[in-house]
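Worksheet: the structure to be examined is printed underneath.
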Amino acid sequence: MMRSSFSLATLLVITSLIPTISAACCKDGWFAYNGHCYYIDMDIHLSFSAARLYCRRLGADLVQIETFAENTFLKGFLKKIKAQYTWMGLNDISHEGIWRWAGTNRHATFSDWLPNQPDNYKNDEDCVHFGYNGAYEWNDCPCHTSINFICEKDSA
Ligand SMILES: [Ca+2]
Ligand SMILES: [Ca+2]
Ligand SMILES: [Ca+2]
């Protein structure tokens, strides 16, 4: 009897630690990958600049993709949730054809453009989203377009 109540107490302690451990990685509603937390709300559609502001208010910024692995992970996630057009932080707002990440202003180190993109269509496409052909490759489109977006921050 003593033994079983001790086991129960131990179990309760362990169980109560689990939410604490998850919270230390990413808050509820965020998803984790490789030490980073990501957020997307399919009900929120904003322009590039408004989306960026939204992320910053959450202590994050629009997602910055440093590696093929991160890109592959994000595209897989978008496919899983059947996402449509979704902003990332990449843009050529400062200089046409020079692609930088909004959060850090760093140059893109690789790209995953859709065929025939970026095309700067009508000279008015400076912001980049994951395309919607099932593969989620990148496309430049007008920054004022209201679409979904992914925020990213370091895990706590
Ligand atoms: Ca990243
Ligand atoms: Ca452009
Ligand atoms: Ca385009």
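By order of appearance in the structure tokens: chains A, B, ..., then residues from 1 within every chain, and ligands from 1 in the order shown.
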
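Residues lying within 9 Å of Asp92 in chain A, counting only C-alpha atoms and ignoring same-chain neighbours fewer than 3 positions away, are His95, Glu96, Gly97, Ile98, Trp99, Arg100, Trp101, Glu125, Asp126, Cys127 and Val128 of chain A.
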
Which parts of chain A does DSSP call helix (DSSP H, G or I) when run on the backbone here, written out as a ChimeraX atom specification?
/A:2-25,48-57,68-80,121-123

Go ahead and write the selection's residues with C-alpha atoms as a PDB file, in the first residue's frame.
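Listing of out-v4.pdb after writing:
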ATOM      1  CA  MET A   2       2.851   2.349   0.961  1.00  0.00           C
ATOM      2  CA  ARG A   3       4.645   1.360  -2.171  1.00  0.00           C
ATOM      3  CA  SER A   4       1.709   2.018  -4.503  1.00  0.00           C
ATOM      4  CA  SER A   5       0.954   5.454  -3.003  1.00  0.00           C
ATOM      5  CA  PHE A   6       4.624   6.399  -3.397  1.00  0.00           C
ATOM      6  CA  SER A   7       4.466   5.343  -7.060  1.00  0.00           C
ATOM      7  CA  LEU A   8       1.346   7.430  -7.549  1.00  0.00           C
ATOM      8  CA  ALA A   9       3.021  10.472  -5.967  1.00  0.00           C
ATOM      9  CA  THR A  10       6.061   9.982  -8.202  1.00  0.00           C
ATOM     10  CA  LEU A  11       3.850   9.677 -11.249  1.00  0.00           C
ATOM     11  CA  LEU A  12       2.014  12.885 -10.346  1.00  0.00           C
ATOM     12  CA  VAL A  13       5.292  14.764  -9.969  1.00  0.00           C
ATOM     13  CA  ILE A  14       6.543  13.509 -13.334  1.00  0.00           C
ATOM     14  CA  THR A  15       3.217  14.308 -15.040  1.00  0.00           C
ATOM     15  CA  SER A  16       3.177  17.834 -13.601  1.00  0.00           C
ATOM     16  CA  LEU A  17       6.688  18.453 -15.013  1.00  0.00           C
ATOM     17  CA  ILE A  18       5.721  17.624 -18.600  1.00  0.00           C
ATOM     18  CA  PRO A  19       3.791  20.857 -19.399  1.00  0.00           C
ATOM     19  CA  THR A  20       6.639  22.881 -17.850  1.00  0.00           C
ATOM     20  CA  ILE A  21       9.175  21.187 -20.111  1.00  0.00           C
ATOM     21  CA  SER A  22       7.098  21.812 -23.263  1.00  0.00           C
ATOM     22  CA  ALA A  23       6.467  25.434 -22.271  1.00  0.00           C
ATOM     23  CA  ALA A  24      10.223  25.976 -22.010  1.00  0.00           C
ATOM     24  CA  CYS A  25      10.515  25.068 -25.723  1.00  0.00           C
ATOM     25  CA  PHE A  48       3.754  41.693 -45.722  1.00  0.00           C
ATOM     26  CA  SER A  49       4.367  44.738 -43.498  1.00  0.00           C
ATOM     27  CA  ALA A  50       1.294  44.117 -41.321  1.00  0.00           C
ATOM     28  CA  ALA A  51       2.254  40.441 -40.974  1.00  0.00           C
ATOM     29  CA  ARG A  52       5.732  41.472 -39.923  1.00  0.00           C
ATOM     30  CA  LEU A  53       4.316  43.837 -37.305  1.00  0.00           C
ATOM     31  CA  TYR A  54       2.039  41.070 -36.053  1.00  0.00           C
ATOM     32  CA  CYS A  55       5.037  38.736 -35.601  1.00  0.00           C
ATOM     33  CA  ARG A  56       7.087  41.411 -33.861  1.00  0.00           C
ATOM     34  CA  ARG A  57       4.295  41.975 -31.348  1.00  0.00           C
ATOM     35  CA  PHE A  68      17.409  23.597 -46.966  1.00  0.00           C
ATOM     36  CA  ALA A  69      16.428  21.435 -43.987  1.00  0.00           C
ATOM     37  CA  GLU A  70      14.420  24.256 -42.430  1.00  0.00           C
ATOM     38  CA  ASN A  71      12.800  24.976 -45.801  1.00  0.00           C
ATOM     39  CA  THR A  72      11.916  21.308 -46.276  1.00  0.00           C
ATOM     40  CA  PHE A  73      10.461  21.145 -42.779  1.00  0.00           C
ATOM     41  CA  LEU A  74       8.324  24.257 -43.310  1.00  0.00           C
ATOM     42  CA  LYS A  75       7.072  23.121 -46.714  1.00  0.00           C
ATOM     43  CA  GLY A  76       6.124  19.753 -45.219  1.00  0.00           C
ATOM     44  CA  PHE A  77       4.267  21.491 -42.414  1.00  0.00           C
ATOM     45  CA  LEU A  78       2.393  23.778 -44.825  1.00  0.00           C
ATOM     46  CA  LYS A  79       1.411  20.787 -46.921  1.00  0.00           C
ATOM     47  CA  LYS A  80       0.155  18.958 -43.842  1.00  0.00           C
ATOM     48  CA  TYR A 121       5.597  40.914 -62.399  1.00  0.00           C
ATOM     49  CA  LYS A 122       4.410  44.402 -63.419  1.00  0.00           C
ATOM     50  CA  ASN A 123       7.469  45.694 -61.583  1.00  0.00           C
TER      51      ASN A 123
END

Need to verify the contact set: His45 in chain A, 7 Å, only C-alpha atoms, exclusion of same-chain residues closer than 2 positions in sequence. Can you return it as a PyMOL selection string?
chain A and resi 43+146-148

Could you write those residues out with C-alpha atoms, as an mmCIF file, in the first residue's frame?
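Written file, out03.cif:
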data_model
loop_
_atom_site.group_PDB
_atom_site.id
_atom_site.type_symbol
_atom_site.label_atom_id
_atom_site.label_comp_id
_atom_site.auth_asym_id
_atom_site.auth_seq_id
_atom_site.Cartn_x
_atom_site.Cartn_y
_atom_site.Cartn_z
ATOM 1 C CA ASP A 43 -7.561 32.716 -40.133
ATOM 2 C CA SER A 146 -3.243 39.870 -47.793
ATOM 3 C CA ILE A 147 -2.257 36.243 -47.140
ATOM 4 C CA ASN A 148 -1.205 33.930 -44.287
#

How would you write, as number ranges by chain, the set of residues no farther than 8 Å from ligand 3 when counting only C-alpha atoms and all ligand atoms?
A: 117-121, 125, 139-141

Run DSSP on the backbone and give me the residues of range 66-151 of chain A it puts in strand (DSSP E), as a list in words.
Thr86, Trp87, Met88, Gly89, Leu90, Asn91, Arg100, Trp101, Cys127, Val128, His129, Phe130, Trp138, Asn139, Asp140, Cys141, Asn148, Phe149 and Cys151 of chain A

Those selected residues, please, written with C-alpha atoms and delivered as a PDB file, in the first residue's frame.
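Saved to part_39.pdb:
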ATOM      1  CA  THR A  86       2.026  32.135 -46.880  1.00  0.00           C
ATOM      2  CA  TRP A  87       4.538  34.949 -46.348  1.00  0.00           C
ATOM      3  CA  MET A  88       8.130  34.350 -45.305  1.00  0.00           C
ATOM      4  CA  GLY A  89      10.503  37.216 -44.391  1.00  0.00           C
ATOM      5  CA  LEU A  90      12.328  37.316 -47.746  1.00  0.00           C
ATOM      6  CA  ASN A  91      12.024  40.491 -49.830  1.00  0.00           C
ATOM      7  CA  ARG A 100      17.235  39.857 -47.884  1.00  0.00           C
ATOM      8  CA  TRP A 101      15.496  38.506 -44.780  1.00  0.00           C
ATOM      9  CA  CYS A 127       7.869  40.085 -51.132  1.00  0.00           C
ATOM     10  CA  VAL A 128       8.127  36.305 -51.107  1.00  0.00           C
ATOM     11  CA  HIS A 129       5.580  33.670 -50.190  1.00  0.00           C
ATOM     12  CA  PHE A 130       5.406  29.901 -50.275  1.00  0.00           C
ATOM     13  CA  TRP A 138       8.833  30.356 -53.516  1.00  0.00           C
ATOM     14  CA  ASN A 139       7.258  33.176 -55.520  1.00  0.00           C
ATOM     15  CA  ASP A 140       7.603  36.953 -55.373  1.00  0.00           C
ATOM     16  CA  CYS A 141       4.299  38.824 -55.243  1.00  0.00           C
ATOM     17  CA  ASN A 148      -1.205  33.930 -44.287  1.00  0.00           C
ATOM     18  CA  PHE A 149       2.270  34.163 -42.815  1.00  0.00           C
ATOM     19  CA  CYS A 151       6.365  33.953 -37.555  1.00  0.00           C
TER      20      CYS A 151
END

Find the residues near ligand 1. Use a cut-off of 7 Å, count only C-alpha atoms and all ligand atoms, and write them as an NGL selection string.
:A and (63-66 or 70 or 152)
